[in-house]
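S.K.: Structure file final02.csv (CSV, C-alpha atoms) right here:
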chain,number,residue,atom,x,y,z
O,1105,SER,CA,7.1,5.3,-11.9
O,1106,GLN,CA,7.4,1.7,-10.5
O,1107,GLN,CA,10.3,1.2,-8.2
O,1108,GLY,CA,10.0,-2.2,-6.7
O,1109,GLU,CA,9.2,-5.4,-8.6
O,1110,GLU,CA,8.4,-8.6,-6.9
O,1111,ASP,CA,9.3,-12.0,-8.1
O,1112,PRO,CA,7.7,-14.4,-8.6
O,1113,GLN,CA,4.3,-13.0,-9.5
O,1114,ALA,CA,2.6,-16.1,-8.0
O,1115,LEU,CA,3.8,-18.9,-5.7
O,1116,SER,CA,2.0,-22.0,-4.6
O,1117,ILE,CA,3.4,-24.3,-1.9
O,1118,GLN,CA,2.3,-26.9,0.5
O,1119,GLU,CA,1.6,-26.0,4.1
O,1120,GLY,CA,4.7,-26.3,6.3
O,1121,GLU,CA,7.1,-25.4,3.5
O,1122,ASN,CA,9.1,-22.2,3.3
O,1123,ALA,CA,8.1,-19.4,0.9
O,1124,THR,CA,10.6,-17.0,-0.5
O,1125,MET,CA,9.7,-13.8,-2.4
O,1126,ASN,CA,12.1,-11.3,-3.9
O,1127,CYS,CA,11.9,-7.6,-4.6
O,1128,SER,CA,14.2,-5.6,-6.9
O,1129,TYR,CA,14.4,-1.9,-7.0
O,1130,LYS,CA,16.1,0.7,-9.2
O,1131,THR,CA,17.3,3.7,-7.1
O,1132,SER,CA,19.2,4.0,-3.9
O,1133,ILE,CA,17.0,3.8,-0.9
O,1134,ASN,CA,17.2,4.4,2.9
O,1135,ASN,CA,14.5,1.8,3.8
O,1136,LEU,CA,12.4,-0.9,2.3
O,1137,GLN,CA,9.1,-2.2,3.7
O,1138,TRP,CA,7.1,-5.4,3.2
O,1139,TYR,CA,3.3,-5.5,3.4
O,1140,ARG,CA,0.7,-8.3,3.2
O,1141,GLN,CA,-2.8,-8.0,1.7
O,1142,ASN,CA,-5.4,-10.6,2.3
O,1143,SER,CA,-8.1,-10.9,-0.3
O,1144,GLY,CA,-10.6,-8.0,-0.1
O,1145,ARG,CA,-8.6,-6.3,2.7
O,1146,GLY,CA,-6.3,-3.4,3.1
O,1147,LEU,CA,-2.5,-3.8,3.3
O,1148,VAL,CA,-0.9,-4.7,6.6
O,1149,HIS,CA,2.7,-3.7,7.4
O,1150,LEU,CA,5.1,-6.6,8.1
O,1151,ILE,CA,8.6,-5.3,8.4
O,1152,LEU,CA,10.7,-2.2,7.7
O,1153,ILE,CA,14.4,-2.7,7.0
O,1154,ARG,CA,16.8,0.2,6.8
O,1155,SER,CA,19.6,0.5,4.3
O,1156,ASN,CA,22.2,-0.1,7.0
O,1157,GLU,CA,20.6,-3.4,8.0
O,1158,ARG,CA,21.2,-6.7,6.2
O,1159,GLU,CA,18.7,-8.9,7.9
O,1160,LYS,CA,15.6,-8.6,10.1
O,1161,HIS,CA,13.4,-11.1,11.8
O,1162,SER,CA,9.8,-11.0,13.0
O,1163,GLY,CA,8.3,-14.3,14.1
O,1164,ARG,CA,8.3,-16.6,11.1
O,1165,LEU,CA,9.3,-13.8,8.8
O,1166,ARG,CA,12.9,-13.0,7.7
O,1167,VAL,CA,13.8,-10.1,5.5
O,1168,THR,CA,17.1,-9.5,3.9
O,1169,LEU,CA,18.4,-6.5,2.1
O,1170,ASP,CA,21.3,-6.3,-0.3
O,1171,THR,CA,21.8,-2.7,-1.3
O,1172,SER,CA,24.7,-3.6,-3.7
O,1173,LYS,CA,22.3,-5.7,-5.7
O,1174,LYS,CA,19.3,-3.4,-5.0
O,1175,SER,CA,17.2,-6.4,-3.9
O,1176,SER,CA,15.4,-7.7,-0.9
O,1177,SER,CA,13.8,-11.0,0.0
O,1178,LEU,CA,11.0,-12.1,2.3
O,1179,LEU,CA,11.1,-15.6,3.7
O,1180,ILE,CA,8.2,-17.1,5.5
O,1181,THR,CA,9.1,-20.3,7.3
O,1182,ALA,CA,6.7,-23.1,8.2
O,1183,SER,CA,3.9,-21.7,6.1
O,1184,ARG,CA,0.3,-21.9,7.2
O,1185,ALA,CA,-2.9,-21.6,5.3
O,1186,ALA,CA,-3.5,-18.2,6.9
O,1187,ASP,CA,-0.3,-16.9,5.1
O,1188,THR,CA,-2.2,-17.1,1.8
O,1189,ALA,CA,-2.2,-13.5,0.6
O,1190,SER,CA,-0.4,-11.0,-1.7
O,1191,TYR,CA,2.9,-9.7,-0.5
O,1192,PHE,CA,4.2,-6.3,-1.6
O,1193,CYS,CA,7.5,-4.5,-1.2
O,1194,ALA,CA,7.5,-0.7,-1.0
O,1195,THR,CA,10.4,1.7,-1.3
O,1196,PRO,CA,10.8,5.4,-1.4
O,1197,SER,CA,10.6,6.7,-5.0
O,1198,PHE,CA,14.2,7.9,-4.4
O,1199,GLN,CA,16.4,8.2,-1.4
O,1200,GLY,CA,14.8,10.5,1.1
O,1201,ALA,CA,11.6,10.7,-0.8
O,1202,GLN,CA,8.4,11.1,1.1
O,1203,LYS,CA,6.3,8.8,-0.9
O,1204,LEU,CA,6.3,5.0,-1.1
O,1205,VAL,CA,6.2,3.1,-4.4
O,1206,PHE,CA,4.7,-0.4,-4.3
O,1207,GLY,CA,5.3,-3.3,-6.6
O,1208,GLN,CA,2.6,-5.4,-8.1
O,1209,GLY,CA,3.1,-8.1,-5.4
O,1210,THR,CA,3.6,-11.8,-5.2
O,1211,ARG,CA,0.4,-13.8,-4.8
O,1212,LEU,CA,1.2,-16.6,-2.3
O,1213,THR,CA,-1.1,-19.6,-2.0
O,1214,ILE,CA,-0.6,-22.2,0.8
O,1215,ASN,CA,-2.2,-25.5,0.0
O,1216,PRO,CA,-3.3,-27.6,2.9
B,770,ASP,CA,-11.5,0.5,17.8
B,771,THR,CA,-10.7,0.4,14.0
B,772,ALA,CA,-7.5,2.3,13.3
B,773,VAL,CA,-8.3,3.5,9.8
B,774,SER,CA,-11.8,3.4,8.6
B,775,GLN,CA,-13.4,4.2,5.2
B,776,THR,CA,-16.9,4.6,4.0
B,777,PRO,CA,-18.5,3.3,2.0
B,778,LYS,CA,-17.0,-0.2,1.5
B,779,TYR,CA,-18.7,-0.6,-1.9
B,780,LEU,CA,-19.8,2.1,-4.3
B,781,VAL,CA,-21.6,1.4,-7.5
B,782,THR,CA,-22.6,4.4,-9.6
B,783,GLN,CA,-23.1,5.5,-13.2
B,784,MET,CA,-20.8,7.5,-15.4
B,785,GLY,CA,-21.0,11.2,-15.0
B,786,ASN,CA,-22.0,11.1,-11.3
B,787,ASP,CA,-20.2,12.7,-8.4
B,788,LYS,CA,-19.3,10.7,-5.4
B,789,SER,CA,-17.3,11.0,-2.2
B,790,ILE,CA,-15.3,8.5,-0.1
B,791,LYS,CA,-14.6,9.3,3.6
B,792,CYS,CA,-11.6,8.3,5.7
B,793,GLU,CA,-10.9,8.6,9.4
B,794,GLN,CA,-8.0,7.5,11.5
B,795,ASN,CA,-7.9,7.3,15.3
B,796,LEU,CA,-4.2,6.7,15.6
B,797,GLY,CA,-3.2,10.3,16.1
B,798,HIS,CA,-1.1,10.3,12.9
B,799,ASP,CA,-0.1,13.4,11.2
B,800,THR,CA,0.0,12.0,7.6
B,801,MET,CA,-2.8,10.5,5.5
B,802,TYR,CA,-2.8,9.1,2.0
B,803,TRP,CA,-5.1,8.1,-0.8
B,804,TYR,CA,-4.1,5.1,-3.0
B,805,LYS,CA,-5.7,3.6,-6.1
B,806,GLN,CA,-5.4,-0.2,-6.7
B,807,ASP,CA,-6.2,-1.4,-10.2
B,808,SER,CA,-7.5,-4.8,-11.3
B,809,LYS,CA,-3.9,-6.0,-11.6
B,810,LYS,CA,-3.2,-5.2,-7.9
B,811,PHE,CA,-0.9,-2.3,-8.8
B,812,LEU,CA,-1.1,0.2,-6.0
B,813,LYS,CA,-0.4,3.8,-6.8
B,814,ILE,CA,-0.4,6.8,-4.5
B,815,MET,CA,-2.7,9.7,-5.4
B,816,PHE,CA,-2.4,12.2,-2.6
B,817,SER,CA,-0.8,12.7,0.7
B,818,TYR,CA,-1.6,15.3,3.4
B,819,ASN,CA,0.6,16.2,6.4
B,820,ASN,CA,-1.1,18.2,9.2
B,821,LYS,CA,-3.9,19.1,6.8
B,822,GLU,CA,-1.4,20.3,4.2
B,823,LEU,CA,-1.3,18.8,0.7
B,824,ILE,CA,2.2,17.3,0.3
B,825,ILE,CA,1.9,14.8,-2.6
B,826,ASN,CA,-0.3,15.4,-5.6
B,827,GLU,CA,0.4,12.8,-8.2
B,828,THR,CA,-0.6,13.1,-11.8
B,829,VAL,CA,-4.3,12.6,-11.1
B,830,PRO,CA,-7.2,14.1,-13.1
B,831,ASN,CA,-8.5,17.2,-11.4
B,832,ARG,CA,-11.8,15.5,-11.2
B,833,PHE,CA,-10.3,14.0,-8.0
B,834,SER,CA,-10.2,16.5,-5.1
B,835,PRO,CA,-9.1,15.5,-1.6
B,836,LYS,CA,-10.1,17.5,1.4
B,837,SER,CA,-8.7,17.3,4.9
B,838,PRO,CA,-10.9,19.0,7.4
B,839,ASP,CA,-8.6,18.0,10.3
B,840,LYS,CA,-5.7,15.7,10.9
B,841,ALA,CA,-7.9,12.7,11.5
B,842,HIS,CA,-9.9,12.9,8.3
B,843,LEU,CA,-9.1,12.8,4.6
B,844,ASN,CA,-12.0,12.6,2.2
B,845,LEU,CA,-11.9,12.1,-1.6
B,846,HIS,CA,-14.4,13.6,-3.9
B,847,ILE,CA,-14.7,12.5,-7.5
B,848,ASN,CA,-16.5,14.5,-10.1
B,849,SER,CA,-17.9,13.3,-13.4
B,850,LEU,CA,-17.0,9.6,-12.8
B,851,GLU,CA,-15.6,7.6,-15.8
B,852,LEU,CA,-15.4,3.9,-16.4
B,853,GLY,CA,-11.6,4.0,-15.9
B,854,ASP,CA,-12.1,5.2,-12.3
B,855,SER,CA,-13.3,1.8,-11.3
B,856,ALA,CA,-10.8,0.4,-8.8
B,857,VAL,CA,-10.3,-0.1,-5.1
B,858,TYR,CA,-9.4,3.1,-3.3
B,859,PHE,CA,-7.4,2.8,-0.1
B,860,CYS,CA,-6.9,5.4,2.6
B,861,ALA,CA,-3.8,5.1,4.8
B,862,SER,CA,-2.1,7.0,7.6
B,863,SER,CA,1.4,7.2,9.1
B,864,ALA,CA,3.1,8.9,12.0
B,865,GLY,CA,4.8,11.3,9.7
B,866,LEU,CA,6.5,11.6,6.3
B,867,GLY,CA,9.5,9.5,5.3
B,868,VAL,CA,10.5,6.3,7.1
B,869,TYR,CA,7.3,5.3,8.8
B,870,GLU,CA,5.0,2.3,8.4
B,871,GLN,CA,1.6,3.0,6.9
B,872,TYR,CA,-1.7,1.8,8.2
B,873,PHE,CA,-4.3,1.0,5.6
B,874,GLY,CA,-8.0,1.2,5.7
B,875,PRO,CA,-10.2,-1.7,4.4
B,876,GLY,CA,-10.6,-0.1,0.9
B,877,THR,CA,-13.6,1.2,-1.1
B,878,ARG,CA,-14.4,-0.8,-4.2
B,879,LEU,CA,-15.7,1.7,-6.7
B,880,THR,CA,-17.6,0.4,-9.8
B,881,VAL,CA,-18.6,2.8,-12.5
B,882,THR,CA,-21.2,1.5,-15.0
Output the structure of this file as structure tokens.
M.R.:
Amino acid sequence: SQQGEEDPQALSIQEGENATMNCSYKTSINNLQWYRQNSGRGLVHLILIRSNEREKHSGRLRVTLDTSKKSSSLLITASRAADTASYFCATPSFQGAQKLVFGQGTRLTINP
Amino acid sequence: DTAVSQTPKYLVTQMGNDKSIKCEQNLGHDTMYWYKQDSKKFLKIMFSYNNKELIINETVPNRFSPKSPDKAHLNLHINSLELGDSAVYFCASSAGLGVYEQYFGPGTRLTVT
């Protein structure tokens, strides 16, 4: 069953602008992960945020987690052409589950 | 020095054939996975092995049979291929079960004609 759902499904912005993607999930979780997939490639792990964390940073990436709303957001600041990719959130299928469930992703296009 | 590798990268075959996809990881991880990504980019787990033991076996036709000869390898054999099996198959590994990031291979694009 699908757990995380990304919004929007597609996003197109100009280089240098910020990009925000959202993820909503259904059941309680102990962690949430974000991955990036460049065209024709495998997924690459970006950030893992635990349920007791509200915000996490990694370079130009900022992830927030609101467990009361069962939602997370991924912000990419000062976007670059190389950020063009699909971005997926992944959550355990239920709290403590051993398998991750991925959403369908947000397709991000950075226009030069 | 590729972390997770898969072969072949592309596989084109006819309906009814049997094919295998191989996966190897050199990260020393205990856990390996097979995922299927359909044309709409929806990624779904198929199998997971931990220390060569099958842990996750989703609702997958029994034409799909994973085999883990050792912790570093997880192969996927598919019998009697069908048109609906066309997809990209990803192998992944992680340090363990639960709260660990996963490392993905480059994928195998399977096309059944």
S.K.: Should the cut-off be 12 Å, what would the residue list for chain O against chain B look like, counting only C-alpha atoms, as an MDAnalysis selection string?
M.R.: chainID O and resid 1105:1110 1113 1133:1155 1189:1211
S.K.: Using all atoms listed in the file, determine which residues lie at most 6 Å from Thr800 in chain B, disregarding the query and same-chain residues fewer than 6 positions distant; provide the list as a list of chain:residue names.
M.R.: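 So, after excluding close chain neighbours, the residues are B:Tyr818, B:Asn819, B:Ser862, B:Ser863, B:Gly865.
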S.K.: What is the CA of His846 in chain B-CA of Asp787 in chain B distance in Å, reported with one decimal?
M.R.: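 Result for CA of His846 in chain B versus CA of Asp787 in chain B: 7.4 Å, one decimal.
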S.K.: To one decimal place, how far is CA of Gly797 in chain B from CA of Leu1165 in chain O in Å?
M.R.: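 So the two atoms, CA of Gly797 in chain B and CA of Leu1165 in chain O, lie 28.1 Å apart.
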S.K.: For Leu879 in chain B, which of B:Lys821, B:Leu780, B:Val829, B:Gln794 is the closest residue, counting all atoms listed in the file?
M.R.: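 Closest residue, counting all atoms listed in the file: B:Leu780.
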S.K.: One number please: CA of Ser1116 in chain O to CA of His1161 in chain O, in Å, one decimal.
M.R.: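 Going from CA of Ser1116 in chain O over to CA of His1161 in chain O covers 22.8 Å.
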S.K.: Name the closest residue to Leu843 in chain B among the candidates B:Thr771, B:Gln783, B:Thr828, B:Thr776; distances are taken between atoms, counting all atoms listed in the file.
M.R.: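 Closest candidate: B:Thr776.
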S.K.: Which residue is closest to Cys792 in chain B? Choose from B:Ser808, B:Ser849, B:Ser837, B:Ser774 and count only C-alpha atoms.
M.R.: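 Using only C-alpha atoms, the shortest distance to Cys792 in chain B belongs to B:Ser774.
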S.K.: Between B:Ile790, B:Ala856, B:Asn820, B:Gly785, which one has atoms that come closest to Pro838 in chain B, using only C-alpha atoms?
M.R.: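 Of B:Ile790, B:Ala856, B:Asn820, B:Gly785, the one nearest Pro838 in chain B is B:Asn820, counting only C-alpha atoms.
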S.K.: As a PyMOL selection string, please: the residues near range 1170-1181 of chain O (cut-off 7 Å, all atoms listed in the file, same-chain neighbours under 2 positions excluded).
M.R.: chain O and resi 1121-1130+1155+1158+1164-1168+1183
S.K.: Point out the residue among O:Ala1182, O:Ala1114, O:Glu1119, O:Lys1160 with the least atom-to-atom distance to Ile1214 in chain O, counting all atoms listed in the file.
M.R.: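 Looking only at the distances to Ile1214 in chain O, the closest residue turns out to be O:Glu1119.
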S.K.: Excluding same-chain residues fewer than 3 positions from Ser789 in chain B, what lies within 10 Å of it counting all atoms listed in the file, as an MDAnalysis selection string?
M.R.: chainID B and resid 776:777 780 833:835 844:848
S.K.: My list of candidates is B:Thr782, B:Lys805, B:Met815, B:Leu852. Which is closest to Asn831 in chain B when distances are computed with all atoms listed in the file?
M.R.: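 Nearest to Asn831 in chain B: B:Met815.
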S.K.: Can you write range 814-825 of chain B from the block above with all heavy atoms, as a compact mmCIF listing (two decimals), in the first residue's frame?
M.R.:
# COMPACT_ATOMS: atom_id res chain seq x y z
N ILE B 814 8.71 -2.31 -3.41
CA ILE B 814 9.62 -3.36 -2.97
C ILE B 814 9.08 -4.73 -3.36
O ILE B 814 7.87 -4.96 -3.35
CB ILE B 814 9.87 -3.30 -1.44
CG1 ILE B 814 11.01 -4.21 -1.06
CG2 ILE B 814 8.59 -3.61 -0.67
CD1 ILE B 814 11.52 -4.00 0.35
N MET B 815 9.99 -5.61 -3.74
CA MET B 815 9.61 -6.97 -4.08
C MET B 815 10.11 -7.95 -3.01
O MET B 815 9.36 -8.75 -2.48
CB MET B 815 10.20 -7.36 -5.43
CG MET B 815 9.77 -6.48 -6.58
SD MET B 815 10.67 -6.86 -8.08
CE MET B 815 10.00 -8.47 -8.48
N PHE B 816 11.39 -7.88 -2.74
CA PHE B 816 12.02 -8.81 -1.80
C PHE B 816 13.08 -8.08 -0.98
O PHE B 816 13.63 -7.08 -1.41
CB PHE B 816 12.72 -9.97 -2.53
CG PHE B 816 11.85 -10.76 -3.44
CD1 PHE B 816 11.90 -10.57 -4.81
CD2 PHE B 816 11.01 -11.74 -2.93
CE1 PHE B 816 11.11 -11.32 -5.66
CE2 PHE B 816 10.20 -12.48 -3.78
CZ PHE B 816 10.26 -12.27 -5.14
N SER B 817 13.34 -8.67 0.21
CA SER B 817 14.45 -8.19 1.01
C SER B 817 15.11 -9.39 1.69
O SER B 817 14.42 -10.29 2.18
CB SER B 817 13.98 -7.19 2.07
OG SER B 817 15.05 -6.88 2.95
N TYR B 818 16.44 -9.39 1.69
CA TYR B 818 17.21 -10.42 2.36
C TYR B 818 18.08 -9.77 3.42
O TYR B 818 18.65 -8.70 3.20
CB TYR B 818 18.13 -11.15 1.36
CG TYR B 818 17.49 -12.31 0.67
CD1 TYR B 818 16.55 -12.10 -0.34
CD2 TYR B 818 17.82 -13.62 1.00
CE1 TYR B 818 15.96 -13.17 -0.99
CE2 TYR B 818 17.23 -14.69 0.35
CZ TYR B 818 16.31 -14.46 -0.64
OH TYR B 818 15.72 -15.52 -1.28
N ASN B 819 18.20 -10.44 4.57
CA ASN B 819 19.10 -9.99 5.62
C ASN B 819 20.00 -11.17 5.99
O ASN B 819 19.51 -12.21 6.41
CB ASN B 819 18.32 -9.50 6.84
CG ASN B 819 19.23 -8.86 7.87
OD1 ASN B 819 19.91 -7.87 7.59
ND2 ASN B 819 19.25 -9.40 9.07
N ASN B 820 21.30 -11.00 5.82
CA ASN B 820 22.23 -12.10 6.07
C ASN B 820 21.82 -13.39 5.35
O ASN B 820 21.79 -14.46 5.94
CB ASN B 820 22.36 -12.37 7.57
CG ASN B 820 23.24 -11.37 8.25
OD1 ASN B 820 24.26 -10.96 7.70
ND2 ASN B 820 22.85 -10.95 9.44
N LYS B 821 21.45 -13.25 4.11
CA LYS B 821 21.06 -14.35 3.22
C LYS B 821 19.70 -14.94 3.54
O LYS B 821 19.28 -15.91 2.93
CB LYS B 821 22.12 -15.46 3.21
CG LYS B 821 23.50 -15.03 2.74
CD LYS B 821 24.37 -16.22 2.39
CE LYS B 821 24.55 -17.16 3.55
NZ LYS B 821 25.33 -18.37 3.16
N GLU B 822 18.99 -14.36 4.51
CA GLU B 822 17.68 -14.89 4.88
C GLU B 822 16.59 -13.99 4.30
O GLU B 822 16.64 -12.77 4.44
CB GLU B 822 17.55 -14.95 6.40
CG GLU B 822 16.22 -15.48 6.88
CD GLU B 822 16.10 -15.45 8.40
OE1 GLU B 822 17.11 -15.15 9.07
OE2 GLU B 822 15.00 -15.69 8.91
N LEU B 823 15.59 -14.61 3.68
CA LEU B 823 14.48 -13.86 3.12
C LEU B 823 13.65 -13.23 4.23
O LEU B 823 13.14 -13.93 5.11
CB LEU B 823 13.61 -14.78 2.26
CG LEU B 823 12.41 -14.13 1.57
CD1 LEU B 823 12.87 -13.08 0.55
CD2 LEU B 823 11.55 -15.19 0.89
N ILE B 824 13.52 -11.92 4.20
CA ILE B 824 12.81 -11.20 5.26
C ILE B 824 11.48 -10.65 4.74
O ILE B 824 10.46 -10.71 5.41
CB ILE B 824 13.67 -10.02 5.79
CG1 ILE B 824 14.96 -10.54 6.38
CG2 ILE B 824 12.89 -9.20 6.80
CD1 ILE B 824 14.78 -11.43 7.59
N ILE B 825 11.53 -10.05 3.56
CA ILE B 825 10.34 -9.45 2.97
C ILE B 825 10.06 -10.14 1.65
O ILE B 825 10.94 -10.26 0.80
CB ILE B 825 10.51 -7.94 2.74
CG1 ILE B 825 10.69 -7.23 4.07
CG2 ILE B 825 9.32 -7.36 1.98
CD1 ILE B 825 11.08 -5.77 3.93
